[in-house]
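The file my_file_10.tsv comes next; it holds TSV, C-alpha atoms.
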chain	number	residue	atom	x	y	z
C	1	MET	CA	100.47	16.19	61.63
C	2	ALA	CA	100.33	12.46	62.16
C	3	TYR	CA	97.24	10.41	61.37
C	4	TRP	CA	95.99	7.29	63.09
C	5	LEU	CA	93.42	4.50	62.99
C	6	VAL	CA	91.74	3.26	66.15
C	7	LYS	CA	89.63	0.11	66.26
C	8	SER	CA	86.62	-0.71	68.35
C	9	GLU	CA	83.99	-3.39	68.19
C	10	PRO	CA	80.66	-1.57	67.95
C	11	SER	CA	79.08	-3.87	70.52
C	12	VAL	CA	81.75	-2.70	73.00
C	13	TRP	CA	82.11	0.99	72.02
C	14	SER	CA	80.50	2.29	68.84
C	15	TRP	CA	80.90	5.45	66.79
C	16	ASP	CA	77.45	6.55	67.99
C	17	GLN	CA	78.57	6.23	71.61
C	18	GLN	CA	81.70	8.25	70.82
C	19	VAL	CA	79.57	10.94	69.16
C	20	ALA	CA	77.26	11.03	72.20
C	21	LYS	CA	80.23	12.03	74.40
C	22	GLY	CA	80.38	15.36	72.54
C	23	ALA	CA	83.23	17.83	72.88
C	24	ALA	CA	84.33	16.30	76.20
C	25	GLY	CA	85.24	13.10	74.38
C	26	GLU	CA	86.09	9.84	76.05
C	27	ALA	CA	89.20	8.00	77.21
C	28	TRP	CA	90.44	5.40	74.69
C	29	THR	CA	91.17	2.71	77.27
C	30	GLY	CA	91.77	-1.02	77.18
C	31	VAL	CA	94.74	-1.18	74.80
C	32	ARG	CA	96.86	-4.11	75.95
C	33	ASN	CA	99.41	-4.44	73.16
C	34	HIS	CA	102.92	-2.97	73.37
C	35	SER	CA	103.01	-1.74	69.76
C	36	ALA	CA	99.60	-0.10	70.09
C	37	LYS	CA	100.75	1.49	73.37
C	38	GLN	CA	103.75	2.98	71.54
C	39	HIS	CA	101.39	4.51	68.98
C	40	LEU	CA	99.20	5.98	71.73
C	41	MET	CA	102.30	7.53	73.28
C	42	ARG	CA	103.15	9.24	69.98
C	43	MET	CA	99.70	10.82	69.55
C	44	LYS	CA	99.49	14.60	69.96
C	45	VAL	CA	96.54	16.87	70.72
C	46	GLY	CA	94.84	17.93	67.50
C	47	GLU	CA	95.88	14.91	65.46
C	48	ARG	CA	93.15	12.93	63.73
C	49	ALA	CA	92.25	9.25	63.75
C	50	PHE	CA	89.98	7.11	61.63
C	51	TYR	CA	87.39	5.34	63.75
C	52	TYR	CA	87.18	1.72	62.58
C	53	HIS	CA	84.47	-0.75	63.57
C	54	SER	CA	86.27	-4.08	63.83
C	55	ASN	CA	84.81	-7.59	63.72
C	56	GLU	CA	81.25	-6.26	63.31
C	57	GLY	CA	81.08	-4.18	60.16
C	58	LYS	CA	84.80	-3.97	59.39
C	59	GLU	CA	84.64	-0.40	58.16
C	60	ILE	CA	85.98	3.07	58.82
C	61	VAL	CA	82.94	5.06	59.93
C	62	GLY	CA	84.25	8.37	61.21
C	63	ILE	CA	87.03	10.76	62.10
C	64	ALA	CA	88.05	11.47	65.69
C	65	GLU	CA	90.48	13.95	67.18
C	66	ILE	CA	92.99	13.42	69.96
C	67	ILE	CA	92.06	15.89	72.73
C	68	ARG	CA	94.36	14.65	75.52
C	69	GLU	CA	97.75	13.02	75.14
C	70	HIS	CA	98.70	9.76	76.80
C	71	TYR	CA	98.28	9.16	80.51
C	72	PRO	CA	98.03	6.00	82.65
C	73	ASP	CA	95.06	3.86	81.65
C	74	PRO	CA	92.76	3.74	84.69
C	75	THR	CA	91.42	0.34	83.56
C	76	ASP	CA	94.88	-1.28	83.72
C	77	PRO	CA	95.63	-2.74	87.17
C	78	SER	CA	99.26	-3.40	86.15
C	79	GLY	CA	99.93	0.28	85.45
C	80	LYS	CA	101.85	-0.60	82.28
C	81	PHE	CA	99.44	0.78	79.67
C	82	VAL	CA	98.25	4.23	78.64
C	83	CYS	CA	95.20	5.80	77.07
C	84	VAL	CA	94.37	9.03	75.23
C	85	ASP	CA	91.15	11.00	75.04
C	86	LEU	CA	89.29	11.22	71.73
C	87	LYS	CA	86.31	13.19	70.53
C	88	ALA	CA	84.24	12.49	67.44
C	89	VAL	CA	84.73	15.06	64.68
C	90	GLN	CA	82.62	13.82	61.80
C	91	PRO	CA	81.20	10.65	60.28
C	92	LEU	CA	82.25	9.52	56.85
C	93	LYS	CA	79.44	10.09	54.37
C	94	ASN	CA	80.20	6.64	52.97
C	95	PRO	CA	81.78	4.16	55.40
C	96	VAL	CA	84.93	2.68	53.88
C	97	THR	CA	84.85	-1.10	54.23
C	98	LEU	CA	87.80	-3.39	54.70
C	99	ALA	CA	86.81	-5.03	51.40
C	100	ALA	CA	87.07	-1.67	49.59
C	101	ILE	CA	90.46	-0.99	51.19
C	102	LYS	CA	91.72	-4.42	50.08
C	103	THR	CA	90.74	-3.74	46.46
C	104	GLU	CA	92.48	-0.34	46.29
C	105	PRO	CA	96.08	-0.87	45.08
C	106	LYS	CA	97.23	2.43	46.61
C	107	LEU	CA	96.31	1.07	50.06
C	108	ALA	CA	98.14	-2.26	49.70
C	109	GLU	CA	100.77	-1.25	52.27
C	110	MET	CA	98.32	0.14	54.83
C	111	ALA	CA	98.95	-1.05	58.39
C	112	LEU	CA	95.31	-2.15	58.60
C	113	LEU	CA	96.12	-4.84	56.02
C	114	LYS	CA	99.61	-5.67	57.27
C	115	GLN	CA	98.92	-5.70	61.02
C	116	SER	CA	95.25	-6.55	61.06
C	117	ARG	CA	95.02	-7.30	64.80
C	118	LEU	CA	96.69	-4.08	66.02
C	119	SER	CA	94.09	-1.79	67.65
C	120	VAL	CA	95.96	1.50	67.17
C	121	GLN	CA	97.86	2.11	63.95
C	122	PRO	CA	99.56	4.93	62.06
C	123	VAL	CA	98.07	6.09	58.75
C	124	THR	CA	100.19	7.85	56.11
C	125	ASP	CA	99.21	11.22	54.63
C	126	ALA	CA	98.46	9.59	51.27
C	127	GLU	CA	96.32	6.87	52.89
C	128	TRP	CA	94.46	9.51	54.90
C	129	ARG	CA	93.65	11.60	51.84
C	130	LEU	CA	92.53	8.59	49.78
C	131	ILE	CA	90.30	7.13	52.48
C	132	CYS	CA	88.77	10.57	53.13
C	133	GLN	CA	88.03	10.79	49.39
C	134	MET	CA	86.56	7.28	49.37
C	135	GLY	CA	84.46	8.21	52.42
C	136	GLY	CA	83.12	11.37	50.84
C	137	VAL	CA	84.77	13.87	53.19

When written as structure tokens, how does the structure in this file appear?
Amino acid sequence: MAYWLVKSEPSVWSWDQQVAKGAAGEAWTGVRNHSAKQHLMRMKVGERAFYYHSNEGKEIVGIAEIIREHYPDPTDPSGKFVCVDLKAVQPLKNPVTLAAIKTEPKLAEMALLKQSRLSVQPVTDAEWRLICQMGGV
């Protein structure tokens, strides 16, 4: 299984809004970066993603699941980009801040630190396990 990290500004789309969508989930639209698009296209149903609040908070707050694989993003008039559907699975008991990630040597190579502006990123198995531990899940 592959793991991912998806970013959203809470003022645009928050974890609480994602949770409110329930089992039906919500389309993860609006990605307009080629590398992020490639990651969306690799996502498979059942894979998990960390839900990261960017700019406001800068912390991983929950775990989501991919419930529909990539399809054309209905918000993209050019037709070049794709989206996936996500549903909230569980919040982290302790949100894992960007500051905490930066101070953990085992996370020094994490894409979040290397490609900080990329809105959809892969997460390694070891990174997933460590952040879950840090988050109390």

> Taking into account all atoms listed in the file, which residue in the set C:Val120, C:Cys132, C:Ala64, C:Ala108 is nearest to Leu92 (chain C)?
Replying inline: C:Cys132

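The coordinates place CA of Val45 (chain C) at 21.6 Å from CA of Lys80 (chain C).
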
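Counting all atoms listed in the file and comparing C:Lys87, C:Arg129, C:Lys93, C:Arg117, the residue that lies closest to Trp15 (chain C) is C:Lys87.
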
>> Just the number, please: distance in Å from CA of Ala111 (chain C) to CA of Ile66 (chain C), one decimal.
In response: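 Calculated distance between CA of Ala111 (chain C) and CA of Ile66 (chain C) is 19.5 Å.
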
Nearby residues (only C-alpha atoms) at most 10 Å from Gly25 (chain C), same-chain spacing under 6 positions excluded, as a short mmCIF file (atom, residue, chain, number, x, y, z; two decimals) with C-alpha atoms, keeping the file's coordinate frame:
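Contents of the output file selection26.cif:
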data_model
loop_
_atom_site.label_atom_id
_atom_site.label_comp_id
_atom_site.auth_asym_id
_atom_site.auth_seq_id
_atom_site.Cartn_x
_atom_site.Cartn_y
_atom_site.Cartn_z
CA GLN C 17 78.57 6.23 71.61
CA GLN C 18 81.70 8.25 70.82
CA VAL C 19 79.57 10.94 69.16
CA ALA C 64 88.05 11.47 65.69
CA GLU C 65 90.48 13.95 67.18
CA ILE C 66 92.99 13.42 69.96
CA ILE C 67 92.06 15.89 72.73
CA ARG C 68 94.36 14.65 75.52
CA ASP C 85 91.15 11.00 75.04
CA LEU C 86 89.29 11.22 71.73
CA LYS C 87 86.31 13.19 70.53
CA ALA C 88 84.24 12.49 67.44
CA VAL C 89 84.73 15.06 64.68
#

> Using only C-alpha atoms, which of C:Val31, C:His53, C:Glu47, C:Met134 sits nearest Trp13 (chain C)?
Replying inline: C:His53

>> At a cut-off of 12 Å around the point (105.2, -4.1, 69.9) (file coordinates), what residues fall inside when counting all atoms listed in the file? I'd like the answer as JSON, numbers by chain.
In response: {"C": [31, 32, 33, 34, 35, 36, 37, 38, 39, 40, 115, 117, 118, 119, 120, 121]}

> Taking into account all atoms listed in the file, which residue in the set C:Asn94, C:Trp28, C:Lys102, C:Glu9 is nearest to Ala49 (chain C)?
Replying inline: C:Trp28

> Hey, what's within 12 Å of Pro74 (chain C) if we count only C-alpha atoms and toss same-chain stuff fewer than 4 positions away? As a PyMOL selection string, please?
Replying inline: chain C and resi 27-31+70+78-84

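Counting from CA of Asp16 (chain C), the distance to CA of Glu59 (chain C) is 14.0 Å.
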
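Contact shell of Trp128 (chain C) at 9 Å (all atoms listed in the file; same-chain neighbours under 3 positions omitted): Tyr3, Trp4, Phe50, Val123, Thr124, Asp125, Ile131, Cys132 and Gln133 of chain C.
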
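Compared by their closest atoms to Lys114 (chain C), and using all atoms listed in the file, the residues C:Ile101, C:Pro77, C:Ala126, C:Tyr71 rank with C:Ile101 nearest.
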
> Which of these, C:Pro72, C:Ser11, C:Leu130, C:Lys58, has the shortest distance to Lys106 (chain C) once you count only C-alpha atoms?
Replying inline: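 Of C:Pro72, C:Ser11, C:Leu130, C:Lys58, the one nearest Lys106 (chain C) is C:Leu130, counting only C-alpha atoms.
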
Where's the centre, and what are the edge lengths in Å to one decimal, of a box along x, y and z enclosing all listed atoms of region 27-33 of chain C padded 8 Å per side, as AutoDock Vina command-line options?
--center_x 94.3 --center_y 1.8 --center_z 75.2 --size_x 26.2 --size_y 28.4 --size_z 20.1
